[in-house]
Amino acid sequence: MASGMQEKQYTPSLLSFFIYNPTFGPREGEEEKKILFYHPSDVEKNEKIRNVGLCEAIVQFTRTFCPTKPAKSLHTQKNRQFFFEPEDNFWIVMVVRNPMIEKPNKDGKPPTVEYQEEEILDTVYGAVVKQCYSMYKLFNGTFGRAVEAGGVEMLIQKLEKFFYRYLQTLHLQSCDLLDVFGGISFFPLDKMTYLKIQSFVNRVEESLSLIKYTAFLYNDQLIWSGLEQDDMRILYKYLTTSLFPRHSEPELAGRDSPLRPEVAGNLLHYGRFLTGPTNLKDPEAKFRFPKIFVSAEDGYEELHLIVYKAMSAAACFMINASVELTREFCEQLDGLVGPQLTLLASDICEQFTINRRISGPEKEPQFKFIYFNHMNLAEKSTIHMRKTASVCLTSVHPDLMKILGDINCDFSRVDEDEEIIVKAMTDYWVVGKKSDQRELYVILNQKNANLIEVNEEVKRLCATFTTLRTVNTAGYHDSISVMQ
């Protein structure tokens, strides 16, 4: 932050986050019973009641215009409020302070504050609210389930325990178009290597019959999953933005790297549990694994989540939560999966290196892009150099990211295929194309080009797309287009 007489810029920040159910306190004097969770917790009781009551009134008022589509957001000069009803009568509200610029004044006068109301996109932060609920549901099930199991008090306890920690991981200044998509990055593989992975999954599931679902990732990108798409989507976000960053280690390039090997026969074995026991040889080791809730025919099912990693490869094994996992089972899994996963990780790395060598050195392209496929949730970005829960490093100016978000907002209003071309103040060209449930956003650095030339360049760009074989989250083959 700048000091002295310089301007100070403030990014979007979380002012409050609360969950309420209007049916829990219908009578006068019972308003506090509606409130199930409120952050920050040190807010005075009457202010909580007043804020919840205002949101309730806004929702009810907007229902008079469209009973099936109540308000999703409320714009004010200083902040933006987002409303989401994930389950009947359960409302989540997130209040975000708008970005602002503080300009100093002479003669000792207080600084002038300018709020940048239009810098916040409803689609981006509305998606963040939905992610909050999806992440809660992944580890706790629905709100209704908690009420059925232990009443409102149990739900309040679960909300306090989960959101107290989760809200600390929200970095609203890092949110952008990728949060709207909530997609999955797939690792491109040749057919033979993919078949090796499929064979590995089949062997493990056959040998360890307790395993119900498996997911396989390499270098934080998905290769195989037996889960439904929406379940894998939120599990993928948890793995890549929370679990994996907490257990990061130097990437190993081959089989003979000396990083903590364990001997399994004559094979170097680099496998370890990311969830559950940190050391199988510790007599005091705890064999408790996090539990997740995923979709099932009769609603949902509760599963143990075992995440096992070797080098840059990670395998997620899901087992019915009613089964007690023992030391013997974990040792059996470690002995079976560790050596095979180590070999697979090495093979994938070697194949990837060979493919890069064949394709030649990468040239700095005159364009950058974001691609998303609504059918299999595949996403790819050359704009983002790094995207985690706390850090979003992009290779383009924030103003260009804002234009991408505005184009996406326009696309979301209509179902038809569209194309939008914009010339930014910085002379960059920004192109958005929506076609056949796919969206492509391109930023071109061609200052002197005209509209016709840009359109032709984008056409040539689309023609150079190469189809790579990948797997979507339901486990069937599909084709996505990625740029070379």
# chains A, B, ... in the order shown; residues from 1 in each chain; ligands from 1
>>> select_by_dssp(residues="stretch 182-291 of chain A", states="strand (DSSP E or B)", output="PyMOL selection string")
chain A and resi 184+186+211-218+221-225+262-264+267-269+271-273+291
>>> write_last_selection(atoms="N, CA, C and O atoms", output="short mmCIF file (atom, residue, chain, number, x, y, z; two decimals), in the first residue's frame")
data_model
loop_
_atom_site.label_atom_id
_atom_site.label_comp_id
_atom_site.auth_asym_id
_atom_site.auth_seq_id
_atom_site.Cartn_x
_atom_site.Cartn_y
_atom_site.Cartn_z
N ILE A 184 -12.32 -28.07 -14.65
CA ILE A 184 -11.29 -29.05 -14.33
C ILE A 184 -10.22 -29.01 -15.41
O ILE A 184 -10.54 -29.06 -16.61
N PHE A 186 -7.55 -30.89 -17.43
CA PHE A 186 -7.22 -32.28 -17.77
C PHE A 186 -5.79 -32.38 -18.28
O PHE A 186 -5.31 -31.49 -18.99
N ILE A 211 -12.76 -50.34 -2.14
CA ILE A 211 -12.73 -49.06 -2.88
C ILE A 211 -13.94 -48.97 -3.81
O ILE A 211 -14.17 -49.85 -4.63
N LYS A 212 -14.69 -47.88 -3.65
CA LYS A 212 -15.89 -47.69 -4.45
C LYS A 212 -15.65 -46.77 -5.65
O LYS A 212 -16.20 -46.99 -6.73
N TYR A 213 -14.87 -45.71 -5.44
CA TYR A 213 -14.56 -44.77 -6.53
C TYR A 213 -13.07 -44.43 -6.48
O TYR A 213 -12.45 -44.43 -5.42
N THR A 214 -12.54 -44.12 -7.67
CA THR A 214 -11.13 -43.73 -7.77
C THR A 214 -11.01 -42.51 -8.66
O THR A 214 -11.74 -42.36 -9.64
N ALA A 215 -10.07 -41.63 -8.32
CA ALA A 215 -9.71 -40.52 -9.20
C ALA A 215 -8.20 -40.48 -9.30
O ALA A 215 -7.50 -40.76 -8.32
N PHE A 216 -7.68 -40.14 -10.47
CA PHE A 216 -6.24 -40.13 -10.72
C PHE A 216 -5.85 -38.77 -11.28
O PHE A 216 -6.43 -38.30 -12.27
N LEU A 217 -4.86 -38.13 -10.64
CA LEU A 217 -4.40 -36.82 -11.09
C LEU A 217 -2.88 -36.83 -11.27
O LEU A 217 -2.17 -37.59 -10.58
N TYR A 218 -2.42 -36.01 -12.17
CA TYR A 218 -0.98 -35.82 -12.35
C TYR A 218 -0.71 -34.34 -12.50
O TYR A 218 -1.33 -33.65 -13.32
N GLN A 221 -3.58 -32.04 -12.43
CA GLN A 221 -4.53 -32.12 -13.53
C GLN A 221 -5.17 -33.51 -13.53
O GLN A 221 -4.51 -34.51 -13.25
N LEU A 222 -6.45 -33.55 -13.86
CA LEU A 222 -7.21 -34.80 -13.78
C LEU A 222 -6.96 -35.68 -15.02
O LEU A 222 -6.89 -35.18 -16.14
N ILE A 223 -6.85 -36.98 -14.77
CA ILE A 223 -6.73 -37.94 -15.87
C ILE A 223 -7.90 -38.92 -15.86
O ILE A 223 -8.45 -39.25 -16.90
N TRP A 224 -8.29 -39.37 -14.66
CA TRP A 224 -9.37 -40.36 -14.58
C TRP A 224 -10.21 -40.09 -13.34
O TRP A 224 -9.70 -39.73 -12.29
N SER A 225 -11.54 -40.29 -13.43
CA SER A 225 -12.40 -40.21 -12.27
C SER A 225 -13.64 -41.07 -12.45
O SER A 225 -14.21 -41.12 -13.54
N GLU A 262 11.54 -45.75 -0.19
CA GLU A 262 11.31 -46.91 0.66
C GLU A 262 11.47 -48.13 -0.24
O GLU A 262 11.02 -48.14 -1.37
N VAL A 263 12.08 -49.15 0.26
CA VAL A 263 12.33 -50.33 -0.55
C VAL A 263 11.10 -51.22 -0.54
O VAL A 263 10.62 -51.63 0.49
N ALA A 264 10.58 -51.50 -1.72
CA ALA A 264 9.48 -52.45 -1.86
C ALA A 264 9.94 -53.45 -2.92
O ALA A 264 9.85 -53.20 -4.10
N LEU A 267 12.20 -52.24 -5.97
CA LEU A 267 11.71 -51.02 -6.60
C LEU A 267 11.71 -49.85 -5.63
O LEU A 267 11.29 -49.98 -4.50
N LEU A 268 12.22 -48.72 -6.06
CA LEU A 268 12.13 -47.51 -5.25
C LEU A 268 10.67 -47.08 -5.17
O LEU A 268 9.97 -47.05 -6.17
N HIS A 269 10.24 -46.72 -3.97
CA HIS A 269 8.82 -46.47 -3.72
C HIS A 269 8.68 -45.12 -3.04
O HIS A 269 9.21 -44.91 -1.95
N GLY A 271 5.64 -43.49 -2.50
CA GLY A 271 4.25 -43.25 -2.12
C GLY A 271 4.10 -42.82 -0.67
O GLY A 271 4.86 -43.21 0.20
N ARG A 272 3.07 -41.97 -0.43
CA ARG A 272 2.75 -41.55 0.94
C ARG A 272 1.30 -41.10 0.98
O ARG A 272 0.71 -40.70 -0.03
N PHE A 273 0.71 -41.16 2.17
CA PHE A 273 -0.66 -40.73 2.38
C PHE A 273 -0.69 -39.21 2.60
O PHE A 273 0.04 -38.69 3.44
N LYS A 291 -14.11 -37.43 5.72
CA LYS A 291 -15.28 -38.01 5.07
C LYS A 291 -15.91 -36.98 4.13
O LYS A 291 -15.95 -35.80 4.44
#
>>> residues_around(residues="A:Asp417", least_positions_apart="5", cutoff="12 Å", atoms="only C-alpha atoms", output="list in words")
Asp410, Phe411, Ser412, Gly432, Lys433, Lys434, Ser435, Asp436, Gln437, Arg438, Glu439 and Leu440 of chain A
>>> write_last_selection(atoms="C-alpha atoms", output="PDB file, in the first residue's frame")
ATOM      1  CA  ASP A 410     -23.287 -11.011 -21.814  1.00  0.00           C
ATOM      2  CA  PHE A 411     -22.990 -14.672 -22.815  1.00  0.00           C
ATOM      3  CA  SER A 412     -24.829 -15.795 -19.670  1.00  0.00           C
ATOM      4  CA  GLY A 432     -15.152 -13.976 -26.897  1.00  0.00           C
ATOM      5  CA  LYS A 433     -16.758 -16.887 -28.757  1.00  0.00           C
ATOM      6  CA  LYS A 434     -19.581 -19.071 -27.470  1.00  0.00           C
ATOM      7  CA  SER A 435     -20.506 -22.097 -29.563  1.00  0.00           C
ATOM      8  CA  ASP A 436     -21.862 -25.602 -28.964  1.00  0.00           C
ATOM      9  CA  GLN A 437     -21.595 -25.370 -25.139  1.00  0.00           C
ATOM     10  CA  ARG A 438     -17.983 -24.212 -25.383  1.00  0.00           C
ATOM     11  CA  GLU A 439     -16.577 -20.802 -24.584  1.00  0.00           C
ATOM     12  CA  LEU A 440     -13.296 -19.328 -25.816  1.00  0.00           C
TER      13      LEU A 440
END
>>> residues_around(residues="A:Met100", least_positions_apart="4", cutoff="10 Å", atoms="only C-alpha atoms", output="MDAnalysis selection string")
chainID A and resid 8:12 78 113:117 119
>>> select_by_dssp(residues="stretch 75-141 of chain A", states="helix (DSSP H, G or I)", output="MDAnalysis selection string")
chainID A and resid 117:119 122:140
>>> closest_residue(among="A:Val93, A:Thr112, A:Arg80, A:Phe61", to="A:Phe17", atoms="only C-alpha atoms")
A:Val93
>>> closest_residue(among="A:Ala345, A:Met425, A:Leu208, A:Ile120", to="A:Glu328", atoms="only C-alpha atoms")
A:Leu208
>>> residues_around(residues="A:Ile403", least_positions_apart="6", cutoff="9 Å", atoms="only C-alpha atoms", output="VMD selection string")
chain A and resid 422 424 430
